[in-house]
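See below for upload.pdb, which holds PDB, C-alpha atoms.
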```
ATOM      1  CA  MET S   1       0.000   0.000   0.000
ATOM      2  CA  GLU S   2       2.846   2.425   0.829
ATOM      3  CA  LYS S   3       4.450   1.710  -2.523
ATOM      4  CA  LEU S   4       1.195   2.483  -4.343
ATOM      5  CA  LEU S   5       0.770   5.714  -2.385
ATOM      6  CA  LEU S   6       4.347   6.764  -3.196
ATOM      7  CA  ILE S   7       3.827   6.088  -6.912
ATOM      8  CA  LEU S   8       0.595   8.096  -6.860
ATOM      9  CA  MET S   9       2.331  11.045  -5.151
ATOM     10  CA  VAL S  10       5.150  10.992  -7.725
ATOM     11  CA  ILE S  11       2.653  11.033 -10.603
ATOM     12  CA  ILE S  12       0.626  13.878  -9.095
ATOM     13  CA  SER S  13       3.705  15.976  -8.292
ATOM     14  CA  SER S  14       5.178  15.443 -11.757
ATOM     15  CA  CYS S  15       1.922  16.693 -13.316
ATOM     16  CA  PHE S  16       1.973  19.789 -11.090
ATOM     17  CA  PHE S  17       5.649  20.624 -11.594
ATOM     18  CA  GLY S  18       5.501  19.822 -15.318
ATOM     19  CA  SER S  19       2.714  22.342 -15.854
ATOM     20  CA  LEU S  20       4.355  24.865 -13.517
ATOM     21  CA  MET S  21       7.352  25.085 -15.815
ATOM     22  CA  ASN S  22       5.265  25.651 -18.951
ATOM     23  CA  PHE S  23       5.255  29.442 -19.379
ATOM     24  CA  SER S  24       4.785  31.448 -22.577
ATOM     25  CA  GLU S  25       4.244  34.883 -24.118
ATOM     26  CA  LYS S  26       0.995  35.489 -22.244
ATOM     27  CA  ASP S  27       2.845  35.246 -18.914
ATOM     28  CA  ILE S  28       5.131  38.229 -19.633
ATOM     29  CA  VAL S  29       2.397  40.780 -20.323
ATOM     30  CA  GLY S  30       2.965  43.691 -17.940
ATOM     31  CA  LYS S  31       6.215  42.187 -16.589
ATOM     32  CA  GLU S  32       9.619  43.884 -16.641
ATOM     33  CA  ASN S  33      12.468  42.439 -18.697
ATOM     34  CA  VAL S  34      15.468  42.008 -16.358
ATOM     35  CA  VAL S  35      18.141  41.771 -19.092
ATOM     36  CA  PHE S  36      19.971  45.038 -19.783
ATOM     37  CA  ASN S  37      20.262  46.339 -23.372
ATOM     38  CA  THR S  38      18.030  43.538 -24.604
ATOM     39  CA  SER S  39      17.940  44.712 -28.227
ATOM     40  CA  PHE S  40      21.596  45.777 -28.513
ATOM     41  CA  GLU S  41      20.626  49.421 -29.006
ATOM     42  CA  ILE S  42      22.770  51.077 -26.291
ATOM     43  CA  GLY S  43      26.433  51.945 -26.728
ATOM     44  CA  GLU S  44      28.739  53.665 -29.146
ATOM     45  CA  PHE S  45      27.683  52.198 -32.456
ATOM     46  CA  GLU S  46      30.750  50.774 -34.121
ATOM     47  CA  THR S  47      30.286  47.946 -36.536
ATOM     48  CA  ASN S  48      32.920  45.662 -34.960
ATOM     49  CA  SER S  49      32.196  46.313 -31.256
ATOM     50  CA  MET S  50      29.975  44.798 -28.592
ATOM     51  CA  PRO S  51      26.940  46.706 -27.312
ATOM     52  CA  GLU S  52      26.924  47.915 -23.702
ATOM     53  CA  ASP S  53      26.101  45.271 -21.059
ATOM     54  CA  TRP S  54      27.162  42.385 -23.327
ATOM     55  CA  MET S  55      30.477  40.559 -23.704
ATOM     56  CA  VAL S  56      32.166  37.749 -25.546
ATOM     57  CA  LEU S  57      35.039  35.821 -24.032
ATOM     58  CA  ASN S  58      38.000  35.403 -26.392
ATOM     59  CA  LYS S  59      36.324  37.681 -28.910
ATOM     60  CA  PRO S  60      37.011  36.443 -32.420
ATOM     61  CA  GLU S  61      38.098  39.115 -34.867
ATOM     62  CA  ASN S  62      35.835  40.139 -37.750
ATOM     63  CA  GLN S  63      33.035  37.759 -36.755
ATOM     64  CA  ILE S  64      30.727  39.765 -34.442
ATOM     65  CA  PHE S  65      29.122  43.011 -35.603
ATOM     66  CA  TRP S  66      26.267  45.345 -34.801
ATOM     67  CA  ASP S  67      23.924  45.203 -37.769
ATOM     68  CA  ASP S  68      21.319  47.805 -38.663
ATOM     69  CA  ASN S  69      20.115  45.981 -41.808
ATOM     70  CA  TYR S  70      18.456  42.983 -40.104
ATOM     71  CA  ARG S  71      16.643  43.249 -36.776
ATOM     72  CA  HIS S  72      13.701  41.714 -35.011
ATOM     73  CA  SER S  73      12.823  45.026 -33.333
ATOM     74  CA  GLY S  74      14.471  48.377 -32.740
ATOM     75  CA  GLY S  75      17.264  49.621 -34.944
ATOM     76  CA  ARG S  76      19.950  46.925 -34.599
ATOM     77  CA  SER S  77      20.744  43.284 -34.015
ATOM     78  CA  LEU S  78      23.951  41.416 -33.366
ATOM     79  CA  LYS S  79      25.425  39.663 -36.398
ATOM     80  CA  ILE S  80      27.750  36.662 -36.023
ATOM     81  CA  GLN S  81      29.475  36.062 -39.328
ATOM     82  CA  TYR S  82      31.106  32.754 -40.308
ATOM     83  CA  PRO S  83      31.946  31.545 -36.758
ATOM     84  CA  LYS S  84      35.136  29.473 -36.873
ATOM     85  CA  SER S  85      34.472  28.179 -33.349
ATOM     86  CA  LYS S  86      31.545  28.193 -30.901
ATOM     87  CA  ILE S  87      30.814  31.747 -29.734
ATOM     88  CA  ASN S  88      29.177  32.586 -26.382
ATOM     89  CA  ILE S  89      27.540  36.008 -26.132
ATOM     90  CA  ILE S  90      26.986  36.834 -22.440
ATOM     91  CA  SER S  91      24.661  39.376 -20.837
ATOM     92  CA  ASP S  92      25.649  41.577 -17.941
ATOM     93  CA  ALA S  93      24.591  40.182 -14.545
ATOM     94  CA  PHE S  94      21.088  41.027 -13.324
ATOM     95  CA  PRO S  95      19.567  40.493  -9.863
ATOM     96  CA  ILE S  96      17.285  37.476  -9.442
ATOM     97  CA  ASP S  97      15.043  36.064  -6.735
ATOM     98  CA  ALA S  98      15.720  32.421  -5.784
ATOM     99  CA  ASP S  99      11.971  31.876  -5.235
ATOM    100  CA  ALA S 100      11.034  33.052  -8.727
ATOM    101  CA  VAL S 101      10.546  31.264 -12.021
ATOM    102  CA  TYR S 102      12.027  33.060 -15.050
ATOM    103  CA  TYR S 103      10.805  32.893 -18.625
ATOM    104  CA  SER S 104      13.584  33.826 -21.059
ATOM    105  CA  ARG S 105      13.630  34.093 -24.818
ATOM    106  CA  CYS S 106      15.679  35.316 -27.738
ATOM    107  CA  PHE S 107      15.138  35.723 -31.457
ATOM    108  CA  VAL S 108      17.624  34.238 -33.925
ATOM    109  CA  LYS S 109      17.875  33.976 -37.687
ATOM    110  CA  SER S 110      20.438  32.513 -40.053
ATOM    111  CA  SER S 111      21.534  32.996 -43.631
ATOM    112  CA  TYR S 112      19.862  29.633 -44.395
ATOM    113  CA  GLN S 113      18.180  26.821 -42.449
ATOM    114  CA  SER S 114      20.558  25.615 -39.738
ATOM    115  CA  ASN S 115      20.953  21.982 -38.779
ATOM    116  CA  HIS S 116      23.140  23.089 -35.843
ATOM    117  CA  PRO S 117      21.293  24.554 -32.844
ATOM    118  CA  VAL S 118      21.661  27.952 -31.236
ATOM    119  CA  THR S 119      21.391  27.615 -27.444
ATOM    120  CA  ILE S 120      20.007  30.026 -24.867
ATOM    121  CA  ARG S 121      21.190  29.486 -21.286
ATOM    122  CA  PHE S 122      20.035  30.958 -17.990
ATOM    123  CA  LEU S 123      22.846  30.811 -15.421
ATOM    124  CA  ALA S 124      22.267  31.600 -11.737
ATOM    125  CA  PHE S 125      25.111  32.605  -9.411
ATOM    126  CA  ASN S 126      25.471  33.067  -5.670
ATOM    127  CA  SER S 127      26.733  36.284  -4.048
ATOM    128  CA  LYS S 128      30.367  35.153  -4.458
ATOM    129  CA  GLY S 129      29.967  34.557  -8.205
ATOM    130  CA  LYS S 130      29.835  30.747  -8.085
ATOM    131  CA  ARG S 131      27.367  29.222 -10.564
ATOM    132  CA  VAL S 132      24.586  27.402  -8.694
ATOM    133  CA  ASN S 133      22.083  26.658 -11.509
ATOM    134  CA  LYS S 134      22.173  26.203 -15.275
ATOM    135  CA  PHE S 135      19.206  25.855 -17.648
ATOM    136  CA  SER S 136      19.277  25.663 -21.449
ATOM    137  CA  SER S 137      17.100  25.373 -24.529
ATOM    138  CA  LYS S 138      17.974  24.969 -28.214
ATOM    139  CA  GLY S 139      16.503  26.190 -31.455
ATOM    140  CA  TYR S 140      17.278  25.722 -35.148
ATOM    141  CA  PRO S 141      17.088  29.111 -36.888
ATOM    142  CA  GLY S 142      16.231  29.651 -40.512
ATOM    143  CA  GLU S 143      15.906  32.700 -42.727
ATOM    144  CA  ALA S 144      12.961  34.047 -40.687
ATOM    145  CA  TRP S 145      13.304  35.121 -37.042
ATOM    146  CA  THR S 146      13.012  32.066 -34.785
ATOM    147  CA  GLN S 147      12.072  32.411 -31.129
ATOM    148  CA  ILE S 148      13.872  30.205 -28.596
ATOM    149  CA  ASP S 149      12.147  29.947 -25.184
ATOM    150  CA  LEU S 150      13.476  28.809 -21.812
ATOM    151  CA  THR S 151      11.826  28.468 -18.403
ATOM    152  CA  SER S 152      14.093  28.390 -15.332
ATOM    153  CA  GLY S 153      12.873  27.711 -11.822
ATOM    154  CA  PHE S 154      13.454  25.879  -8.566
ATOM    155  CA  LEU S 155      16.685  27.837  -8.158
ATOM    156  CA  LYS S 156      19.085  27.106  -5.321
ATOM    157  CA  SER S 157      18.292  29.258  -2.285
ATOM    158  CA  THR S 158      21.707  30.937  -2.647
ATOM    159  CA  ALA S 159      20.995  32.270  -6.182
ATOM    160  CA  ARG S 160      21.403  36.069  -6.254
ATOM    161  CA  PHE S 161      22.107  37.089  -9.850
ATOM    162  CA  GLY S 162      21.719  35.679 -13.334
ATOM    163  CA  ARG S 163      23.162  35.949 -16.810
ATOM    164  CA  ILE S 164      21.824  34.940 -20.194
ATOM    165  CA  VAL S 165      24.243  33.239 -22.579
ATOM    166  CA  ILE S 166      23.538  32.757 -26.285
ATOM    167  CA  SER S 167      25.756  30.072 -27.856
ATOM    168  CA  ILE S 168      26.295  30.229 -31.594
ATOM    169  CA  PRO S 169      27.632  27.000 -33.140
ATOM    170  CA  LYS S 170      30.839  26.685 -35.139
ATOM    171  CA  LYS S 171      29.593  27.134 -38.688
ATOM    172  CA  PRO S 172      32.168  28.879 -40.915
ATOM    173  CA  ASP S 173      29.748  28.982 -43.869
ATOM    174  CA  LYS S 174      26.795  30.682 -42.066
ATOM    175  CA  ILE S 175      25.739  34.059 -40.745
ATOM    176  CA  PHE S 176      23.581  34.324 -37.608
ATOM    177  CA  TRP S 177      21.680  37.292 -36.164
ATOM    178  CA  ILE S 178      20.352  37.572 -32.600
ATOM    179  CA  ASP S 179      18.004  40.179 -31.150
ATOM    180  CA  ASP S 180      15.602  40.815 -28.263
ATOM    181  CA  VAL S 181      17.245  38.655 -25.599
ATOM    182  CA  GLU S 182      14.853  38.879 -22.645
ATOM    183  CA  SER S 183      14.108  37.331 -19.246
ATOM    184  CA  TYR S 184      11.061  37.873 -17.031
ATOM    185  CA  ASP S 185      10.150  36.947 -13.449
ATOM    186  CA  VAL S 186       6.820  35.198 -14.166
ATOM    187  CA  TYR S 187       5.988  33.180 -11.050
ATOM    188  CA  ARG S 188       6.716  32.882  -7.319
ATOM    189  CA  ILE S 189       7.247  29.430  -5.837
ATOM    190  CA  GLN S 190       5.384  29.225  -2.528
ATOM    191  CA  LYS S 191       7.325  27.465   0.208
TER     192      LYS S 191
END
```
Translate this file's structure into structure tokens.
Amino acid sequence: MEKLLLILMVIISSCFFGSLMNFSEKDIVGKENVVFNTSFEIGEFETNSMPEDWMVLNKPENQIFWDDNYRHSGGRSLKIQYPKSKINIISDAFPIDADAVYYSRCFVKSSYQSNHPVTIRFLAFNSKGKRVNKFSSKGYPGEAWTQIDLTSGFLKSTARFGRIVISIPKKPDKIFWIDDVESYDVYRIQK
């Protein structure tokens, strides 16, 4: 009987937690985006420079540009041209609440249909800068803007700030564009 009760509890809790983590566009209405410079609009516009509040480790030369020809919204996007290795574009840190669930998204397009995924990651860090959580989601961009969604929740109690990382695959024959990288606090986990 105990075994049956345990199995029933696992099934019920998995249904609850599975639906809890299923957020979408409707859940961000009226919410504030916590990512700074989400559309890559702020900063001294130079074609071969990174926008304010964004960075790339080991920045490859002549592969990352601000682009005002293609954009999902606003006046610019970030163009990643013929990446010779995987490129991680990292947001500035933003404060997070360990009891919150975050819905994040970005928009990506490519010069032609990609069979290699672009990944969005939500990383949570403690007050000393140690990573305590990592969530990711993948999407396969084509010539139209593709939205990649990610829900992150049940953070460690020590989580204090987050970063969004967009990973562009090694694809020396492709061009990628990213725009509107956003994250929203959409739900509070009651303890």
Box time for stretch 92-102 of chain S: axis-aligned, enclosing all its listed atoms, 6 Å extra on each side; report centre and edge lengths in Å to one decimal, as lines of an AutoDock Vina configuration file.
```
center_x = 18.1
center_y = 36.4
center_z = -11.6
size_x = 27.1
size_y = 22.3
size_z = 24.7
```
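You can rank S:Asp180, S:Glu41, S:Asp68, S:Asp92 by their closest distance to S:Leu123 using all atoms listed in the file, and at the top of that list sits S:Asp92.
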Residue nearest S:Asn37 among S:Ser85, S:Thr151, S:Ser77, S:Ser167 (counting all atoms listed in the file):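 Among the listed residues, the smallest separation from S:Asn37 belongs to S:Ser77.
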The PyMOL selection byres ((chain S and resi 73) around 12) - which residues does that actually catch in the file I just gave you? List them as a VMD selection string. chain S and resid 38 to 41 67 to 72 74 to 78 106 to 108 145 178 to 181
Please list as a PyMOL selection string every residue within 8 Å of S:Ser104, counting only C-alpha atoms and excluding residues in the same chain fewer than 5 positions away. chain S and resi 122+149-152+181-184
Can you tell me how far atom CA of S:Val56 sits from atom CA of S:Ser136, in Å to one decimal?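 Result for atom CA of S:Val56 versus atom CA of S:Ser136: 18.1 Å, one decimal.
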When you look at S:Phe154 with a cut-off of 10 Å (counting only C-alpha atoms), what residues show up, excluding the ones that are within fewer than 2 positions of it in the same chain? I need them as a PyMOL selection string. chain S and resi 17+21+98-102+133+152+156-157+188-189
Using all atoms listed in the file, give me every residue within 7 Å of (32.2, 29.9, -35.7) in file coordinates, as a list in words.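 Answer for this query, in the requested form: Tyr82, Pro83, Lys84, Ser85, Lys86, Ile87, Pro169, Lys170, Lys171 and Pro172 of chain S.
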If you measure from atom CA of S:Asn62 to atom CA of S:Ile175, what distance in Å do you get, rounded to one decimal?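 Separation of atom CA of S:Asn62 and atom CA of S:Ile175: 12.2 Å.
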Compile the contact shell of S:Asn88 as an mmCIF file with C-alpha atoms, in the frame of the given file: residues with an atom at most 10 Å away, counting only C-alpha atoms, same-chain residues fewer than 4 positions apart removed.
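Once everything was written out, this is selection31.cif:
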```cif
data_model
loop_
_atom_site.group_PDB
_atom_site.id
_atom_site.type_symbol
_atom_site.label_atom_id
_atom_site.label_comp_id
_atom_site.auth_asym_id
_atom_site.auth_seq_id
_atom_site.Cartn_x
_atom_site.Cartn_y
_atom_site.Cartn_z
ATOM 1 C CA MET S 55 30.477 40.559 -23.704
ATOM 2 C CA VAL S 56 32.166 37.749 -25.546
ATOM 3 C CA LEU S 57 35.039 35.821 -24.032
ATOM 4 C CA ASN S 58 38.000 35.403 -26.392
ATOM 5 C CA LYS S 59 36.324 37.681 -28.910
ATOM 6 C CA THR S 119 21.391 27.615 -27.444
ATOM 7 C CA ILE S 120 20.007 30.026 -24.867
ATOM 8 C CA ARG S 121 21.190 29.486 -21.286
ATOM 9 C CA ILE S 164 21.824 34.940 -20.194
ATOM 10 C CA VAL S 165 24.243 33.239 -22.579
ATOM 11 C CA ILE S 166 23.538 32.757 -26.285
ATOM 12 C CA SER S 167 25.756 30.072 -27.856
ATOM 13 C CA ILE S 168 26.295 30.229 -31.594
ATOM 14 C CA PRO S 169 27.632 27.000 -33.140
#
```
Which of S:Phe94, S:Trp54, S:Trp66, S:Trp177 sits closest to S:Asn33 [using all atoms listed in the file]: S:Phe94
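Between S:Asp97 and the candidates S:Tyr112, S:Phe65, S:Phe176, S:Tyr187, the tightest atom-to-atom separation, counting only C-alpha atoms, involves S:Tyr187.
Interatomic distance, atom CA of S:Gly153 against atom CA of S:Ile89: 22.1 Å.
Comparing S:Gly43, S:Tyr103, S:Lys138, S:Lys79 by their smallest distance to S:Lys26, the closest is S:Tyr103 (using only C-alpha atoms).
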Residues matched by the PyMOL selection byres ((chain S and resi 128) around 12), written as a PyMOL selection string: chain S and resi 124-127+129-132+158-161
Some atoms are missing, so please complete stretch 89-104 of chain S with N, CA, C and O atoms and return it as an mmCIF file, keeping the file's coordinate frame.
```cif
data_model
loop_
_atom_site.group_PDB
_atom_site.id
_atom_site.type_symbol
_atom_site.label_atom_id
_atom_site.label_comp_id
_atom_site.auth_asym_id
_atom_site.auth_seq_id
_atom_site.Cartn_x
_atom_site.Cartn_y
_atom_site.Cartn_z
ATOM 1 N N ILE S 89 27.841 34.600 -26.346
ATOM 2 C CA ILE S 89 27.540 36.008 -26.132
ATOM 3 C C ILE S 89 26.835 36.089 -24.776
ATOM 4 O O ILE S 89 25.808 35.435 -24.568
ATOM 5 N N ILE S 90 27.384 36.883 -23.847
ATOM 6 C CA ILE S 90 26.986 36.834 -22.440
ATOM 7 C C ILE S 90 26.430 38.186 -22.001
ATOM 8 O O ILE S 90 27.069 39.223 -22.199
ATOM 9 N N SER S 91 25.270 38.153 -21.357
ATOM 10 C CA SER S 91 24.661 39.376 -20.837
ATOM 11 C C SER S 91 25.383 39.825 -19.577
ATOM 12 O O SER S 91 26.067 39.037 -18.910
ATOM 13 N N ASP S 92 25.198 41.085 -19.234
ATOM 14 C CA ASP S 92 25.649 41.577 -17.941
ATOM 15 C C ASP S 92 24.803 40.884 -16.870
ATOM 16 O O ASP S 92 23.699 40.406 -17.139
ATOM 17 N N ALA S 93 25.318 40.817 -15.642
ATOM 18 C CA ALA S 93 24.591 40.182 -14.545
ATOM 19 C C ALA S 93 23.378 41.028 -14.167
ATOM 20 O O ALA S 93 23.419 42.249 -14.228
ATOM 21 N N PHE S 94 22.294 40.356 -13.800
ATOM 22 C CA PHE S 94 21.088 41.027 -13.324
ATOM 23 C C PHE S 94 20.614 40.331 -12.051
ATOM 24 O O PHE S 94 20.803 39.128 -11.887
ATOM 25 N N PRO S 95 20.024 41.094 -11.121
ATOM 26 C CA PRO S 95 19.567 40.493 -9.863
ATOM 27 C C PRO S 95 18.398 39.545 -10.098
ATOM 28 O O PRO S 95 17.534 39.817 -10.937
ATOM 29 N N ILE S 96 18.383 38.433 -9.353
ATOM 30 C CA ILE S 96 17.285 37.476 -9.442
ATOM 31 C C ILE S 96 16.815 37.110 -8.038
ATOM 32 O O ILE S 96 17.521 37.320 -7.055
ATOM 33 N N ASP S 97 15.639 36.544 -7.979
ATOM 34 C CA ASP S 97 15.043 36.064 -6.735
ATOM 35 C C ASP S 97 15.033 34.540 -6.793
ATOM 36 O O ASP S 97 14.487 33.954 -7.731
ATOM 37 N N ALA S 98 15.621 33.887 -5.792
ATOM 38 C CA ALA S 98 15.720 32.421 -5.784
ATOM 39 C C ALA S 98 14.349 31.747 -5.751
ATOM 40 O O ALA S 98 14.218 30.587 -6.149
ATOM 41 N N ASP S 99 13.315 32.446 -5.306
ATOM 42 C CA ASP S 99 11.971 31.876 -5.235
ATOM 43 C C ASP S 99 11.143 32.154 -6.486
ATOM 44 O O ASP S 99 9.939 31.876 -6.506
ATOM 45 N N ALA S 100 11.757 32.701 -7.501
ATOM 46 C CA ALA S 100 11.034 33.052 -8.727
ATOM 47 C C ALA S 100 11.292 32.027 -9.831
ATOM 48 O O ALA S 100 12.276 31.279 -9.808
ATOM 49 N N VAL S 101 10.375 32.018 -10.778
ATOM 50 C CA VAL S 101 10.546 31.264 -12.021
ATOM 51 C C VAL S 101 10.728 32.304 -13.113
ATOM 52 O O VAL S 101 9.998 33.298 -13.165
ATOM 53 N N TYR S 102 11.717 32.102 -13.991
ATOM 54 C CA TYR S 102 12.027 33.060 -15.050
ATOM 55 C C TYR S 102 11.714 32.450 -16.408
ATOM 56 O O TYR S 102 12.046 31.296 -16.681
ATOM 57 N N TYR S 103 11.064 33.254 -17.231
ATOM 58 C CA TYR S 103 10.805 32.893 -18.625
ATOM 59 C C TYR S 103 11.735 33.759 -19.468
ATOM 60 O O TYR S 103 11.684 34.988 -19.408
ATOM 61 N N SER S 104 12.608 33.117 -20.221
ATOM 62 C CA SER S 104 13.584 33.826 -21.059
ATOM 63 C C SER S 104 13.351 33.458 -22.512
ATOM 64 O O SER S 104 12.838 32.380 -22.828
#
```
